[in-house]
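Participant: Before anything else, here's the structure in question.
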Amino acid sequence: MRAARLIKMVLLLQSRPSMTAAELARELEVSERTVTRDAQALSEAGVPVYADRGRAGGYRLVGGYRTRLTGLHRGEAEALFLSGVPGALREMGLEDAASAARLKVSAALLPSLRDASRTAAQRFHLDAPNWFKEPKTPVLLPAVADAVWDDRRISARYRRGEDEVVRELEPYGLVLKAGVWYLCARVAGGSFRVYRIDRFTAVEPGAERFEREPEFDLPAFWEERAEQFARSILRARVVVRLSPDGVRGLPYAVDSPTAREALADAEAPDGDGWVTVALPVESEEVAHTQLAVLGPEVEVLAPEGLRERFAADAARLARLYRPWCGA
């Protein structure tokens, strides 16, 4: 424990010109008296820790005692500090490891690049969860993450509808999508599948490790499965007329790739500039909710049930706004 603290103290002093005893005590979570003893121990071990006396004093390293990362320019150094998602690392139980890694990188950088972590954090931030949705960290996420890092098979109990099933899995990778964690895994002796971590009710690490397929590409696999899922839920079809504003707004009202494909297949605009589009949708109910945001810029032609829904909406709106419509 003390050895790790001494190493961290050296790295802290490498990353800054000097630090007071109070600052070191706060970072190391010890007393100032312990900081004094640790500084003395480092000095006796040959690490050139120097203590400045007085109100403006503190501890610093002398004699250029540091390991530097050479060959990095500012853009590369800043990019290093954009490679992690703090919230995601915390949920996986890797926050301490990530903090230690950032500290080591900061200590090893040339003095002119020491502010790379600050300048990157000032300019970029990833907020993964959806709006209006309180993210919940799955209880079993750290256990799954450990298995992913260790290439260790797991026995997982998984909720599927009203039932629970047990699967022997080879956990290849984790994906955080809109605040929801997913595991990309291969069923033992089978194919690759995707599981929601919050549906696991039990995870038991196995004694054996598995051998990864070297050609497995997690981002490419996820992109392919996400596209398959998006297409699989589009089981209905509606036909609509869109004004020029409706054409521009359609990709924001429904799934963007689906909207773009439907518009690309549409015929030329009519004399009024309106375009008739055949659009795949999840259901009439979902289409009603999605297309309603386009207001008068969309006219539903089919199916008849959906057209009647919009006609009823229009009648209700007309009644509500009759005093302002001159009727």
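By convention in this document, the chains of the structure tokens carry letters A, B, ... by their order, each chain's residues are numbered from 1, and ligands are numbered from 1 in the order they are shown.
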Fewer than 5 positions away in the same chain doesn't count, so skip those; otherwise give me all residues within 9 Å of segment 252-254 of chain A, counting only C-alpha atoms, as a count of residues only.
Facilitator: 8
Participant: Running DSSP on the backbone, which parts of segment 132-320 of chain A land in strand (DSSP E or B), as a VMD selection string?
Facilitator: chain A and resid 152 to 160 163 to 177 180 to 187 192 to 196 200 to 209 236 to 242 275 to 281 298 to 302
Participant: Counting only C-alpha atoms, what is within 9 Å of Arg241 of chain A, bar same-chain residues fewer than 5 positions away, as a PyMOL selection string?
Facilitator: chain A and resi 246+274-277+297-301
Participant: When distances are computed from only C-alpha atoms, which of A:Val47, A:Val35, A:Leu218, A:Leu242 shows the smallest separation from Val194 of chain A?
Facilitator: A:Leu218
Participant: When you draw a straight line from atom CA of Arg322 of chain A to atom CA of Glu308 of chain A, how long is it in Å?
Facilitator: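 Atom CA of Arg322 of chain A sits 20.5 Å away from atom CA of Glu308 of chain A.
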Participant: Can you tell me how far atom CA of Glu208 of chain A sits from atom CA of Arg196 of chain A, in Å to one decimal?
Facilitator: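 Pair atom CA of Glu208 of chain A / atom CA of Arg196 of chain A returns 23.3 Å.
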Participant: Contacts of segment 151-157 of chain A at 6 Å or less, counting only C-alpha atoms, minus same-chain residues fewer than 3 places along, as a list of chain:residue names?
Facilitator: A:Ala147, A:Val148, A:Val165, A:Val166, A:Arg167, A:Glu168, A:Leu169, A:Glu170, A:Phe200, A:Thr201, A:Ala202, A:Val203, A:Glu204, A:Pro205, A:Gly206, A:Arg209, A:Phe210
Participant: Please report the interatomic distance between atom CA of Trp181 of chain A and atom CA of Arg235 of chain A in Å with one decimal.
Facilitator: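 Computed distance, atom CA of Trp181 of chain A to atom CA of Arg235 of chain A, equals 25.8 Å.
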Participant: For Ala39 of chain A, please output as a PyMOL selection string all residues within 9 Å (counting only C-alpha atoms; exclusion window: fewer than 6 positions along the same chain).
Facilitator: chain A and resi 6+9+47+49-51+59
Participant: From the options A:Arg260, A:Arg37, A:Arg199, A:Arg193, which residue's atoms come nearest to Trp222 of chain A, counting only C-alpha atoms?
Facilitator: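 Closest to Trp222 of chain A, using only C-alpha atoms: A:Arg193.
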